[in-house]
Every structure is written in C-alpha cells, then in structure tokens.
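Reading through the structure tokens given below for one structure.
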Amino acid sequence: MDWYRSFSTTEIVFLSLFIVGYILYLTRVIRINRAIPVGYRAVVFKVGLRALYFVLFLVALLGPLMGKATKEIQAVGKDIFILVDLSQSMNANDVQPSRLEKVKYELKDIVKSFSSDRIGLIIFSSEAFIQSPLTYDQSALNMFIDALNTSLVPNSGTDFTPALRLALEKFEKDEENPSQQKSKVLLLISDGEDFGDDISAVSEKIQQSGIRLFTLGVGTEQGSQLVVRGVPKTDRSGNVVISKLKPQALQQLANQTNGQYFEISGRQDDTERLISSVGQIEGELRDSRQIDASANKYFYFLLLGVGLFLVDHLIKLKTIRI
C-alpha cells in the first residue's frame, strides 16, 4: 500500500501526546485502585477502543492509496493575439478615465481569464509592432499592458490592416502549434476610426484561415475633444477635433470573419461577454501525459474511526472517568 503523505512530525506529535496522556491516565487508575479496588476490565476495554480509533484517524491522515491505475491528463489551449489601437484618439476621455486606461484595466481581466492559453500583444496606429510574442507568462503580459501609451507608435492616423497582417504572419510562422487554425483568435481593440483602404483582402484571408476575429469598440458616439499636451487638437480649419466611436467598421470586420463585435462605452461594458465568447472556442491539444490515479481511501478509515468514537461516548462503563 502506498501513502499520500509520509509519516512526519505532525503524526509523531499526535502519537506522542496520545501515549503520554494514557500513561498518565493509567498511572492514576493504578494509584486509585490500590486504595479502592475497582478492577481493570472496563479500563482496558476503553483504552483499547480509543487506541483503535486513534490509529484509524492516523491512517486517514496519512492517506492510504489503493488501486493501481493511470490516467491521461491533456493540456488544451488557444493562441490569442490582442491588437490594441494606440492612436491619439485613444486618449479621449468619453470613457473614464480615458479610452486607453479603460482598455488597460479590462485587458488584465482578459489575460487572467485565459491562463492556460498563449497570449500575444500587438500595438498599432498606422503601423503595427509586436509588443509581446505569444506567451503563457501573465506577469510579463501585465507589465507590457501597464506600459501601453500612445507615444509607442507613430501618430499619423489609424489603419487596422498592418496589425491584422502582422498577426496572421506570426500565426503562420508559429512552429509550436501550426495544426489547428480554429484554435487561433484575434481580438482587435479600437475606437473604430480606420483610415486604411485595404481591409477587405486581409479580412478575406482571416476568414479562409478559419481564425476567429473579435472586435471591441471603445468610446461613445457622442465622443469628446482630443487634448494633446494640454491643448485641444484642431483640424486644418481651426475646428476642435471631436473623436467619436465608429462601430460600423468594427462590426463589419467581425461579421466578415465569423466573429463578434463588443463594446465598452458609457452605457455598457461587454468585457465579460467577450471573455465568455472567446472561452467557448475549442482549444487544441498542447501536451498529454500519464499520471498515477491511485485513489486516496482515507474516507473509509475516517468513517470507521468516527463510528468507534461515537460508540466510545455512547457506551457507559463503570470505570473511573478521565
């Protein structure tokens, strides 16, 4: 028989206390019996009964493992690239404290929810860059998320295409898990202000690859002013620029790629719905191994010990009480 845990200091302490306690108890019984003969039969029965259920409790604590069997454990996961828009419009504060700060807060929940999946981070405006390759390291991902700001990328407008192409390229070059495209996910986060003009070709390629694309719009349709270095941004005519959420491009992109559109605005926060939808996508097999599946049968010993304990307290014998 194997054991879940070895005989350690804890068990030695319990056993020592039991032995010392009953040595003192028997010494007291012998001393009293010399003055008033009461007999030892009941005392021996009680000591034997209590020693028996004490041993049963001790065995249950050690955890007897019975039955020889093995069980296959499979690690299943997805690959998720998160594409974050870092154009100047993400500094708008129609979503408090700002669009970007709200995204950073929600991204940490998203990363935490997919601890068994590899997650990568791509940042973009008119150009796209890898902020973090696909990784299981959530601490590193959270560090990269904390560092997100609009100064990390060129601020010359927004174009979804370079970010989507870069993600597809990284998926295609991934040698660790090239097999199942259906376990690969793209999450595009933006306020929807896309000034690119070649989105149809890349969306068609995503659809053909079987990769699921989810889009998350951040902002409000009323919008807010853009403030750059403390000064409201103006256009060429001198008018103050108002940045608004434009969900149409994001919705269309999600529809074209068999994905879904979600939104974070003043009235709603679809982060939990997004996490639920991505979580429903079937992952692919990462690793498989055999483990010992011998069952811990402590419960039987514990149950028998409790039964004897109750018998001990229900049967009253004429003996000296402890």
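Following the order of the structure tokens, chains are lettered A, B, ..., residues in each are numbered from 1, and ligands are numbered from 1.
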- In segment 42-261 of chain A, DSSP alpha helix (DSSP H) residues written as a PyMOL selection string: chain A and resi 42-62+99-113+138-146+160-173+199-209+247-256
- Item | Residues within 12 Å of Tyr25 of chain A, only C-alpha atoms, excluding chain neighbours under 2 positions, as an MDAnalysis selection string | chainID A and resid 18:23 27:32 43:44 46:47 320:322
- Counting only C-alpha atoms, figure out which residue out of A:Ile281, A:Leu56, A:Val228, A:Leu250 gets nearest to Ser183 of chain A. A:Ile281
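You will find atom CA of Gln96 of chain A at 14.3 Å from atom CA of Glu263 of chain A.
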